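Quick look at structure18.cif (mmCIF, C-alpha atoms):
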```
data_input
loop_
_atom_site.label_atom_id
_atom_site.label_comp_id
_atom_site.auth_asym_id
_atom_site.auth_seq_id
_atom_site.Cartn_x
_atom_site.Cartn_y
_atom_site.Cartn_z
CA MET A 1 116.48 120.83 86.68
CA PRO A 2 117.05 117.03 86.62
CA PHE A 3 114.46 114.88 88.38
CA PRO A 4 116.07 113.35 91.53
CA ILE A 5 115.03 109.74 90.88
CA GLU A 6 117.84 108.52 93.14
CA ASP A 7 116.10 110.14 96.14
CA LYS A 8 112.81 108.29 95.63
CA LEU A 9 111.48 104.89 96.60
CA VAL A 10 110.78 103.63 93.09
CA ILE A 11 108.55 100.74 92.06
CA ALA A 12 108.67 99.60 88.44
CA VAL A 13 105.51 97.88 87.25
CA SER A 14 104.51 96.24 84.00
CA SER A 15 101.14 96.85 82.42
CA SER A 16 100.38 93.14 82.93
CA ALA A 17 100.66 93.57 86.72
CA LEU A 18 98.88 96.92 86.91
CA PHE A 19 95.91 96.09 84.67
CA ASP A 20 93.92 93.05 83.59
CA LEU A 21 95.26 92.36 80.10
CA THR A 22 93.73 88.91 79.70
CA GLU A 23 91.74 89.87 76.60
CA SER A 24 94.63 91.75 74.98
CA ASP A 25 97.08 88.92 75.64
CA GLN A 26 94.71 86.42 74.07
CA VAL A 27 94.54 88.53 70.90
CA PHE A 28 98.35 88.63 70.77
CA ARG A 29 98.66 84.85 71.29
CA ASP A 30 95.96 83.92 68.80
CA ARG A 31 96.50 86.49 66.07
CA GLY A 32 99.95 88.04 66.49
CA ALA A 33 101.52 91.47 66.98
CA ILE A 34 99.81 93.30 64.11
CA ALA A 35 96.34 92.21 65.22
CA TYR A 36 97.27 93.15 68.79
CA LYS A 37 98.24 96.66 67.69
CA THR A 38 94.97 97.02 65.75
CA PHE A 39 92.98 95.75 68.74
CA GLN A 40 94.56 98.32 71.08
CA GLU A 41 93.94 101.15 68.61
CA GLN A 42 90.30 100.12 68.20
CA ASN A 43 89.86 99.99 71.98
CA LEU A 44 91.93 103.06 72.84
CA ASP A 45 89.22 104.67 74.96
CA ARG A 46 88.03 101.43 76.55
CA ILE A 47 89.41 101.59 80.08
CA LEU A 48 91.37 98.57 81.29
CA LYS A 49 90.19 96.87 84.47
CA PRO A 50 92.49 96.95 87.51
CA GLY A 51 95.00 94.12 87.76
CA VAL A 52 96.42 92.25 90.75
CA ALA A 53 98.98 94.94 91.66
CA PHE A 54 96.56 97.86 91.20
CA PRO A 55 95.43 98.11 94.87
CA PHE A 56 99.06 98.17 95.99
CA ILE A 57 100.12 100.80 93.45
CA ARG A 58 97.14 103.05 94.22
CA ARG A 59 97.91 103.09 97.93
CA PHE A 60 101.66 103.38 97.41
CA LEU A 61 101.20 106.53 95.32
CA SER A 62 99.03 108.07 98.05
CA PHE A 63 102.23 108.90 99.95
CA ASN A 64 102.89 111.72 97.50
CA GLN A 65 99.54 113.29 98.43
CA ARG A 66 100.23 112.84 102.13
CA PHE A 67 103.75 114.25 101.85
CA PRO A 68 103.54 116.78 99.00
CA GLY A 69 106.76 118.51 100.00
CA GLU A 70 108.86 115.34 99.96
CA GLN A 71 107.09 113.44 97.12
CA PRO A 72 108.87 110.34 98.46
CA VAL A 73 107.67 107.67 96.01
CA GLU A 74 107.64 107.07 92.29
CA VAL A 75 106.05 104.44 90.07
CA VAL A 76 107.51 103.80 86.62
CA LEU A 77 105.85 101.74 83.89
CA LEU A 78 108.20 99.19 82.28
CA SER A 79 106.38 97.72 79.33
CA ARG A 80 106.92 95.34 76.44
CA ASN A 81 104.44 97.49 74.48
CA SER A 82 105.45 100.00 71.86
CA PRO A 83 104.54 103.64 72.51
CA ALA A 84 101.65 103.24 70.07
CA THR A 85 100.15 100.17 71.76
CA GLY A 86 100.93 101.64 75.18
CA LYS A 87 98.62 104.61 74.65
CA ARG A 88 95.66 102.64 75.98
CA VAL A 89 97.60 101.83 79.17
CA PHE A 90 98.37 105.50 79.84
CA ARG A 91 94.77 106.52 79.14
CA SER A 92 93.70 103.98 81.76
CA ILE A 93 96.32 105.33 84.17
CA GLU A 94 94.89 108.81 83.66
CA HIS A 95 91.33 107.55 84.11
CA TYR A 96 92.13 106.12 87.53
CA GLY A 97 94.08 109.20 88.60
CA LEU A 98 97.33 107.32 89.16
CA GLY A 99 100.34 109.60 89.40
CA ILE A 100 102.45 107.70 86.88
CA SER A 101 104.22 109.77 84.24
CA ARG A 102 107.47 107.92 83.50
CA ALA A 103 107.70 104.84 81.32
CA ALA A 104 109.91 102.67 79.15
CA PHE A 105 108.26 101.08 76.10
CA VAL A 106 110.59 98.52 74.52
CA SER A 107 108.43 97.21 71.64
CA GLY A 108 108.41 93.49 72.41
CA ALA A 109 111.75 93.21 74.18
CA SER A 110 112.15 92.48 77.87
CA PRO A 111 112.32 95.75 79.86
CA PHE A 112 114.08 94.39 82.96
CA SER A 113 117.51 95.77 82.04
CA TYR A 114 116.20 99.30 82.72
CA ILE A 115 115.48 98.54 86.40
CA PRO A 116 118.72 100.21 87.63
CA ALA A 117 118.30 103.17 85.28
CA PHE A 118 115.09 104.07 87.12
CA ASN A 119 116.57 103.28 90.56
CA ALA A 120 113.79 100.76 91.10
CA SER A 121 113.78 98.79 94.35
CA LEU A 122 111.20 96.42 92.87
CA PHE A 123 109.97 95.31 89.45
CA LEU A 124 106.49 93.77 89.43
CA SER A 125 105.39 91.89 86.33
CA GLY A 126 102.98 89.22 85.21
CA ASN A 127 105.54 87.99 82.66
CA GLU A 128 107.46 85.03 84.12
CA THR A 129 110.23 85.21 81.53
CA ASP A 130 110.97 88.85 82.36
CA VAL A 131 110.94 88.25 86.12
CA ARG A 132 113.24 85.23 85.97
CA ALA A 133 115.67 87.09 83.70
CA ALA A 134 115.67 90.03 86.12
CA VAL A 135 116.36 87.78 89.12
CA ILE A 136 119.18 85.99 87.32
CA ALA A 137 120.69 89.43 86.65
CA GLY A 138 120.48 90.18 90.37
CA TYR A 139 117.63 92.68 90.14
CA PRO A 140 114.73 92.87 92.65
CA ALA A 141 111.76 91.41 90.82
CA GLY A 142 108.58 89.51 91.56
CA LEU A 143 106.09 87.58 89.46
CA VAL A 144 102.53 88.69 90.20
CA LEU A 145 100.42 85.53 90.22
CA PRO A 146 96.86 85.50 88.83
CA SER A 147 94.24 86.23 91.48
CA ARG A 148 90.81 87.81 91.89
CA VAL A 149 91.82 90.73 94.09
CA GLU A 150 89.19 93.20 95.25
CA ASP A 151 90.19 96.79 95.99
CA ASP A 152 88.29 98.16 98.98
CA SER A 153 88.31 101.92 98.41
CA SER A 154 87.33 102.56 102.03
CA ASP A 155 90.53 100.86 103.24
CA ALA A 156 93.40 103.37 102.98
CA GLU A 157 95.98 101.19 104.73
CA LEU A 158 98.81 99.66 102.68
CA ARG A 159 99.81 96.21 103.97
CA ILE A 160 102.92 94.45 102.64
CA ALA A 161 104.16 91.07 103.84
CA PHE A 162 107.44 89.28 103.19
CA ASP A 163 108.90 85.84 103.60
CA PHE A 164 112.42 86.04 105.05
CA ASP A 165 114.81 83.47 103.56
CA GLY A 166 115.32 83.90 99.83
CA VAL A 167 113.43 87.21 99.82
CA LEU A 168 114.74 89.65 102.45
CA ALA A 169 117.81 87.53 103.16
CA ASP A 170 119.79 85.38 100.75
CA ASP A 171 119.29 81.62 100.55
CA GLU A 172 122.30 80.55 102.65
CA SER A 173 120.15 79.02 105.39
CA GLU A 174 117.56 77.72 102.92
CA ALA A 175 120.35 75.77 101.25
CA VAL A 176 121.29 74.15 104.57
CA PHE A 177 117.67 73.15 105.15
CA LYS A 178 117.27 71.71 101.65
CA ALA A 179 120.52 69.73 101.84
CA ARG A 180 120.54 68.58 105.48
CA GLY A 181 117.03 68.81 106.88
CA LEU A 182 115.31 70.69 109.70
CA GLU A 183 117.40 69.46 112.64
CA LYS A 184 120.71 70.43 111.01
CA PHE A 185 119.18 73.72 109.90
CA GLN A 186 118.27 74.56 113.50
CA GLU A 187 121.76 73.62 114.68
CA TYR A 188 123.32 75.77 111.96
CA GLU A 189 121.21 78.79 112.85
CA GLN A 190 122.02 78.45 116.55
CA GLN A 191 125.73 78.30 115.75
CA HIS A 192 125.43 81.44 113.63
CA GLN A 193 122.76 83.32 115.59
CA ASN A 194 125.00 86.37 116.01
CA ARG A 195 126.08 86.49 112.35
CA VAL A 196 123.99 88.80 110.18
CA HIS A 197 122.43 87.37 107.03
CA ASN A 198 123.52 88.67 103.67
CA PRO A 199 120.75 90.80 102.15
CA GLY A 200 118.40 89.25 99.63
CA LEU A 201 116.87 90.80 96.53
CA LEU A 202 114.18 92.73 98.42
CA ALA A 203 116.26 93.92 101.39
CA ASP A 204 116.71 97.37 99.85
CA LEU A 205 112.94 97.66 99.34
CA PHE A 206 112.32 96.74 102.97
CA ARG A 207 114.85 99.31 104.21
CA LYS A 208 113.26 102.05 102.11
CA LEU A 209 109.78 101.11 103.28
CA SER A 210 111.11 101.47 106.82
CA ALA A 211 112.34 104.97 105.93
CA LEU A 212 108.85 105.74 104.59
CA GLN A 213 107.45 104.69 107.94
CA GLY A 214 109.94 107.10 109.49
CA LEU A 215 108.19 109.91 107.60
CA GLU A 216 104.94 108.75 109.11
CA ASP A 217 106.50 108.66 112.59
CA THR A 218 107.60 112.28 112.18
CA GLU A 219 104.17 113.36 110.95
CA LEU A 220 102.43 111.56 113.81
CA ALA A 221 104.69 113.33 116.32
CA LYS A 222 103.57 116.67 114.85
CA ASN A 223 99.93 115.73 114.31
CA SER A 224 98.29 113.21 116.64
CA ALA A 225 95.33 112.93 114.27
CA TYR A 226 97.49 111.54 111.47
CA GLU A 227 96.47 108.01 110.44
CA ARG A 228 99.29 105.74 109.35
CA VAL A 229 99.19 104.16 105.91
CA LEU A 230 101.98 101.60 105.81
CA ARG A 231 101.95 98.33 107.77
CA THR A 232 104.57 95.63 107.19
CA ALA A 233 104.92 92.02 108.24
CA ILE A 234 107.41 89.18 108.01
CA ILE A 235 105.78 85.77 107.75
CA THR A 236 108.34 82.98 107.94
CA ALA A 237 108.21 79.22 108.41
CA ARG A 238 111.05 79.53 110.92
CA SER A 239 110.44 78.99 114.62
CA ALA A 240 112.52 79.21 117.80
CA PRO A 241 115.47 78.88 118.10
CA SER A 242 116.17 79.87 114.47
CA HIS A 243 114.12 83.05 114.98
CA GLU A 244 116.99 84.78 116.79
CA ARG A 245 119.18 85.21 113.73
CA VAL A 246 116.27 86.87 111.89
CA ILE A 247 115.92 89.40 114.71
CA THR A 248 119.68 89.99 114.84
CA THR A 249 119.73 90.64 111.09
CA LEU A 250 116.82 93.09 111.14
CA GLU A 251 118.37 94.98 114.08
CA SER A 252 121.66 95.29 112.21
CA TRP A 253 119.81 96.71 109.20
CA GLY A 254 118.04 99.21 111.44
CA VAL A 255 114.58 98.03 110.42
CA SER A 256 111.62 96.56 112.24
CA PRO A 257 108.38 95.19 110.76
CA ASN A 258 105.11 96.04 112.43
CA GLU A 259 104.33 92.34 112.81
CA THR A 260 106.50 89.22 112.70
CA PHE A 261 105.27 85.63 112.57
CA PHE A 262 107.45 82.58 113.21
CA LEU A 263 105.14 79.77 112.11
CA GLY A 264 107.28 76.64 112.41
CA GLY A 265 105.85 75.09 109.26
CA MET A 266 102.22 76.18 109.72
CA ASP A 267 100.30 77.10 106.58
CA LYS A 268 101.04 80.78 105.95
CA SER A 269 97.54 81.36 104.60
CA ARG A 270 96.25 81.19 108.18
CA ILE A 271 98.04 84.49 108.83
CA LEU A 272 97.58 85.96 105.36
CA ASP A 273 93.80 85.61 105.51
CA ILE A 274 93.81 87.86 108.59
CA PHE A 275 96.61 90.30 107.70
CA ARG A 276 95.29 90.54 104.10
CA PRO A 277 98.35 92.09 102.46
CA HIS A 278 98.17 94.02 99.23
CA LEU A 279 101.36 92.16 98.27
CA PHE A 280 102.95 89.05 99.81
CA PHE A 281 106.42 88.03 98.60
CA ASP A 282 107.71 84.46 98.90
CA ASP A 283 110.37 82.46 97.09
CA GLN A 284 108.32 79.24 97.22
CA VAL A 285 105.19 78.87 95.10
CA SER A 286 103.83 76.31 97.56
CA HIS A 287 103.45 79.13 100.12
CA LEU A 288 101.53 81.36 97.72
CA ASN A 289 98.16 79.65 97.96
CA ALA A 290 96.00 82.23 99.77
CA GLN A 291 92.77 83.06 97.94
CA ASN A 292 91.85 86.52 96.63
CA LEU A 293 95.14 88.09 97.71
CA ALA A 294 98.04 89.50 95.69
CA MET A 295 100.69 86.77 95.77
CA VAL A 296 104.15 87.53 94.36
CA HIS A 297 106.71 84.84 93.58
CA VAL A 298 110.39 85.78 93.88
CA PRO A 299 112.06 82.99 91.85
CA PHE A 300 115.41 83.19 93.62
CA GLY A 301 117.91 80.70 94.96
CA VAL A 302 117.94 77.05 95.92
CA ALA A 303 114.17 76.90 96.48
CA ASN A 304 113.73 77.52 92.76
CA ALA A 305 116.32 75.07 91.49
CA THR A 306 114.88 72.33 89.30
CA GLY A 307 112.83 69.92 91.34
CA ASN A 308 112.75 72.07 94.46
CA ASP A 309 109.92 73.88 96.29
CA PRO A 310 108.34 71.30 98.62
CA GLY A 311 110.18 72.46 101.77
CA THR A 312 108.70 74.36 104.68
CA GLU A 313 111.50 76.71 105.72
CA GLY A 314 111.61 80.32 104.50
#
```

Show me, as structure tokens, the structure contained in the file I just sent.
Amino acid sequence: MPFPIEDKLVIAVSSSALFDLTESDQVFRDRGAIAYKTFQEQNLDRILKPGVAFPFIRRFLSFNQRFPGEQPVEVVLLSRNSPATGKRVFRSIEHYGLGISRAAFVSGASPFSYIPAFNASLFLSGNETDVRAAVIAGYPAGLVLPSRVEDDSSDAELRIAFDFDGVLADDESEAVFKARGLEKFQEYEQQHQNRVHNPGLLADLFRKLSALQGLEDTELAKNSAYERVLRTAIITARSAPSHERVITTLESWGVSPNETFFLGGMDKSRILDIFRPHLFFDDQVSHLNAQNLAMVHVPFGVANATGNDPGTEG
């Protein structure tokens, strides 16, 4: 019987996001592909250390244990490795008890073209070239930035935070801000406050996360002792009156984050240091400066055109 991948919330992850491959990458850069293959074979049973996305992936997969009948989520490994060099990655996956069984090994090529084949609502990678190529192709992808993330095993909650413009919505309003400034941006948003934003690259992910929370709602109604896992937030540099169009858009999509912050240009790290997300997505690198948190750059739209990124909207 075919596996119903189209019914799952699927995250595609590269080995560079899931594990710390600093040592392996250095071997590849210094000595080339043959030496890299030899290095992986010689270290086959040496378990890789968790990478930046590991705490997110571990908690995300816990939904299949909580909802064994539905098995609502799936993680797929999309890797530049060959099957031979990827053996060490799968042994590390097994060591940590991660429920990952599906993979694409493309032997040095970029794996992003297989995102739709696996019905992935997100591709996480530490390879900037792959992520940018995926975004240009219109696929939902994020670059996992280097960070020293600690995984607290006593904390079962999964916290995910999103910027709005250029991430959940397209960059229509961002373009107005970049071209005409804050005052004209506010005027534009007031004029269009009842017009729903076009969805951005991660809108589908956000909708499906909302459906996952619906499963938790149902379980909580049956079992008052159930403890929720998923908590979402939108953290945007918008403020009143431009906040209203955000709310209108989310209502039209039938979704609602647990927490929403309209910061009006405040440093987002002030919120991130308290919310402590396991992933935070933003289209502007200048907003991804929180320490010891998993920051993910979505290199989409006008904010990522040459010479751009200093703005405060988003």

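From atom CA of A:Leu124 back to atom CA of A:Ile11, the distance works out to 7.7 Å.
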
What would the selection look like, as a PDB file with C-alpha atoms, in the coordinates of the input, if the PyMOL selection byres ((chain A and resi 144) around 12) were run on the coordinates I just shared?
```pdb
ATOM      1  CA  VAL A  13     105.510  97.880  87.250  1.00  0.00           C
ATOM      2  CA  SER A  14     104.510  96.240  84.000  1.00  0.00           C
ATOM      3  CA  SER A  15     101.140  96.850  82.420  1.00  0.00           C
ATOM      4  CA  SER A  16     100.380  93.140  82.930  1.00  0.00           C
ATOM      5  CA  ALA A  17     100.660  93.570  86.720  1.00  0.00           C
ATOM      6  CA  LEU A  18      98.880  96.920  86.910  1.00  0.00           C
ATOM      7  CA  PHE A  19      95.910  96.090  84.670  1.00  0.00           C
ATOM      8  CA  ASP A  20      93.920  93.050  83.590  1.00  0.00           C
ATOM      9  CA  GLY A  51      95.000  94.120  87.760  1.00  0.00           C
ATOM     10  CA  VAL A  52      96.420  92.250  90.750  1.00  0.00           C
ATOM     11  CA  ALA A  53      98.980  94.940  91.660  1.00  0.00           C
ATOM     12  CA  PHE A  54      96.560  97.860  91.200  1.00  0.00           C
ATOM     13  CA  PHE A  56      99.060  98.170  95.990  1.00  0.00           C
ATOM     14  CA  LEU A 122     111.200  96.420  92.870  1.00  0.00           C
ATOM     15  CA  PHE A 123     109.970  95.310  89.450  1.00  0.00           C
ATOM     16  CA  LEU A 124     106.490  93.770  89.430  1.00  0.00           C
ATOM     17  CA  SER A 125     105.390  91.890  86.330  1.00  0.00           C
ATOM     18  CA  GLY A 126     102.980  89.220  85.210  1.00  0.00           C
ATOM     19  CA  ASN A 127     105.540  87.990  82.660  1.00  0.00           C
ATOM     20  CA  GLU A 128     107.460  85.030  84.120  1.00  0.00           C
ATOM     21  CA  ASP A 130     110.970  88.850  82.360  1.00  0.00           C
ATOM     22  CA  VAL A 131     110.940  88.250  86.120  1.00  0.00           C
ATOM     23  CA  ALA A 141     111.760  91.410  90.820  1.00  0.00           C
ATOM     24  CA  GLY A 142     108.580  89.510  91.560  1.00  0.00           C
ATOM     25  CA  LEU A 143     106.090  87.580  89.460  1.00  0.00           C
ATOM     26  CA  LEU A 145     100.420  85.530  90.220  1.00  0.00           C
ATOM     27  CA  PRO A 146      96.860  85.500  88.830  1.00  0.00           C
ATOM     28  CA  SER A 147      94.240  86.230  91.480  1.00  0.00           C
ATOM     29  CA  ARG A 148      90.810  87.810  91.890  1.00  0.00           C
ATOM     30  CA  VAL A 149      91.820  90.730  94.090  1.00  0.00           C
ATOM     31  CA  HIS A 278      98.170  94.020  99.230  1.00  0.00           C
ATOM     32  CA  LEU A 279     101.360  92.160  98.270  1.00  0.00           C
ATOM     33  CA  PHE A 280     102.950  89.050  99.810  1.00  0.00           C
ATOM     34  CA  PHE A 281     106.420  88.030  98.600  1.00  0.00           C
ATOM     35  CA  ASP A 282     107.710  84.460  98.900  1.00  0.00           C
ATOM     36  CA  VAL A 285     105.190  78.870  95.100  1.00  0.00           C
ATOM     37  CA  LEU A 288     101.530  81.360  97.720  1.00  0.00           C
ATOM     38  CA  LEU A 293      95.140  88.090  97.710  1.00  0.00           C
ATOM     39  CA  ALA A 294      98.040  89.500  95.690  1.00  0.00           C
ATOM     40  CA  MET A 295     100.690  86.770  95.770  1.00  0.00           C
ATOM     41  CA  VAL A 296     104.150  87.530  94.360  1.00  0.00           C
ATOM     42  CA  HIS A 297     106.710  84.840  93.580  1.00  0.00           C
ATOM     43  CA  VAL A 298     110.390  85.780  93.880  1.00  0.00           C
ATOM     44  CA  PRO A 299     112.060  82.990  91.850  1.00  0.00           C
TER      45      PRO A 299
END
```

Using 12 Å as the limit and counting only C-alpha atoms, can you tabulate each residue of stretch 140-190 of chain A that touches stretch 244-261 of chain A, with its shortest atom-to-atom distance in Å and the two atoms involved, as CSV?
```
residue,atom,partner,partner_atom,distance
A:Arg159,CA,A:Asn258,CA,10.0
A:Ile160,CA,A:Pro257,CA,9.8
A:Ala161,CA,A:Glu259,CA,9.1
A:Phe162,CA,A:Thr260,CA,9.6
A:Asp163,CA,A:Phe261,CA,9.7
A:Phe164,CA,A:Val246,CA,7.9
A:Asp165,CA,A:Val246,CA,9.1
A:Leu168,CA,A:Leu250,CA,9.6
A:Ala169,CA,A:Thr249,CA,8.7
A:Asp170,CA,A:Thr249,CA,11.6
A:Ser173,CA,A:Arg245,CA,10.4
A:Gln186,CA,A:Arg245,CA,10.7
A:Glu187,CA,A:Arg245,CA,11.9
A:Tyr188,CA,A:Arg245,CA,10.5
A:Glu189,CA,A:Arg245,CA,6.8
A:Gln190,CA,A:Arg245,CA,7.9
```

| task | For atom CA of A:Phe118 and atom CA of A:Ile5, quote the distance in Å rounded to one decimal. | result | 6.8 Å

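Nearest to A:Pro140 of all the residues A:Gln291, A:Thr38, A:Gln65, A:Ser121 is A:Ser121, based on only C-alpha atoms.
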
| query | Between atom CA of A:Asp155 and atom CA of A:Thr232, what is the spacing in Å? | reply |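 Computing the Euclidean distance for atom CA of A:Thr232 and atom CA of A:Asp155 yields 15.5 Å.
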
Residues near stretch 213-229 of chain A, anyone? I mean within 10 Å using all atoms listed in the file, not counting same-chain ones fewer than 5 positions away, as a short mmCIF file (atom, residue, chain, number, x, y, z; two decimals) with C-alpha atoms, keeping the file's coordinate frame.
```
data_model
loop_
_atom_site.label_atom_id
_atom_site.label_comp_id
_atom_site.auth_asym_id
_atom_site.auth_seq_id
_atom_site.Cartn_x
_atom_site.Cartn_y
_atom_site.Cartn_z
CA ARG A 59 97.91 103.09 97.93
CA PHE A 60 101.66 103.38 97.41
CA SER A 62 99.03 108.07 98.05
CA PHE A 63 102.23 108.90 99.95
CA ARG A 66 100.23 112.84 102.13
CA PHE A 67 103.75 114.25 101.85
CA GLU A 70 108.86 115.34 99.96
CA PRO A 72 108.87 110.34 98.46
CA ASP A 155 90.53 100.86 103.24
CA ALA A 156 93.40 103.37 102.98
CA GLU A 157 95.98 101.19 104.73
CA LEU A 158 98.81 99.66 102.68
CA ARG A 159 99.81 96.21 103.97
CA ARG A 207 114.85 99.31 104.21
CA LYS A 208 113.26 102.05 102.11
CA PRO A 257 108.38 95.19 110.76
#
```

| With all atoms listed in the file as the basis for distance, which of A:Val302, A:Ala84, A:Val196, A:Leu61 is at the shortest distance from A:Leu44? |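 Closest to A:Leu44 of all the choices is A:Ala84.
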
| All residues 10 Å or closer to stretch 95-97 of chain A, all atoms listed in the file, same chain fewer than 5 positions away omitted, as number ranges by chain | A: 45, 47-50, 58, 89-90

| Which residue gives the smallest distance to A:Leu230 among A:Ser269, A:Ser210, A:Ser242, A:Ser92, with all atoms listed in the file counted? |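 When distances to A:Leu230 are compared using all atoms listed in the file, the smallest one comes from A:Ser210.
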
| said: For a quick check of your reading of the model, name the residues lying within 9 Å of the coordinate (108.4, 79.8, 112.5), counting only C-alpha atoms, and write them as a VMD selection string. | reply: chain A and resid 235 to 240 242 to 243 261 to 266 313 to 314

| How would you write, as a list in words, the residues chosen by the PyMOL selection byres ((chain A and resi 73) around 7) on this structure? |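 Written out, the selection comes to Lys8, Leu9, Val10, Leu61, Phe63, Asn64, Gln71, Pro72, Glu74 and Val75 of chain A.
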
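Among the candidate residues A:Asn43, A:Ser101, A:Ser82, A:Gln26, the one lying nearest to A:Ala12 is A:Ser101, with distances computed using only C-alpha atoms.
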
| field | Spatial neighbours of A:Gly108, 10 Å, only C-alpha atoms, chain gap at least 6 places, as a PyMOL selection string | value | chain A and resi 33+79-82

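When all atoms listed in the file are used to compute distances to A:Glu23, the closest of the residues A:Thr85, A:Ile93, A:Tyr36, A:Ile271 turns out to be A:Tyr36.
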
| request: Could you state which residues are captured by the PyMOL selection byres ((chain A and resi 300) around 7) in this file, as a ChimeraX atom specification? | output: /A:135,166,283,298-299,301,304

| field | Distance criterion (all atoms listed in the file): nearest to A:Arg276 out of A:Gly99, A:Gly138, A:Pro2, A:Pro55 | value |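 Of A:Gly99, A:Gly138, A:Pro2, A:Pro55, the one nearest A:Arg276 is A:Pro55, counting all atoms listed in the file.
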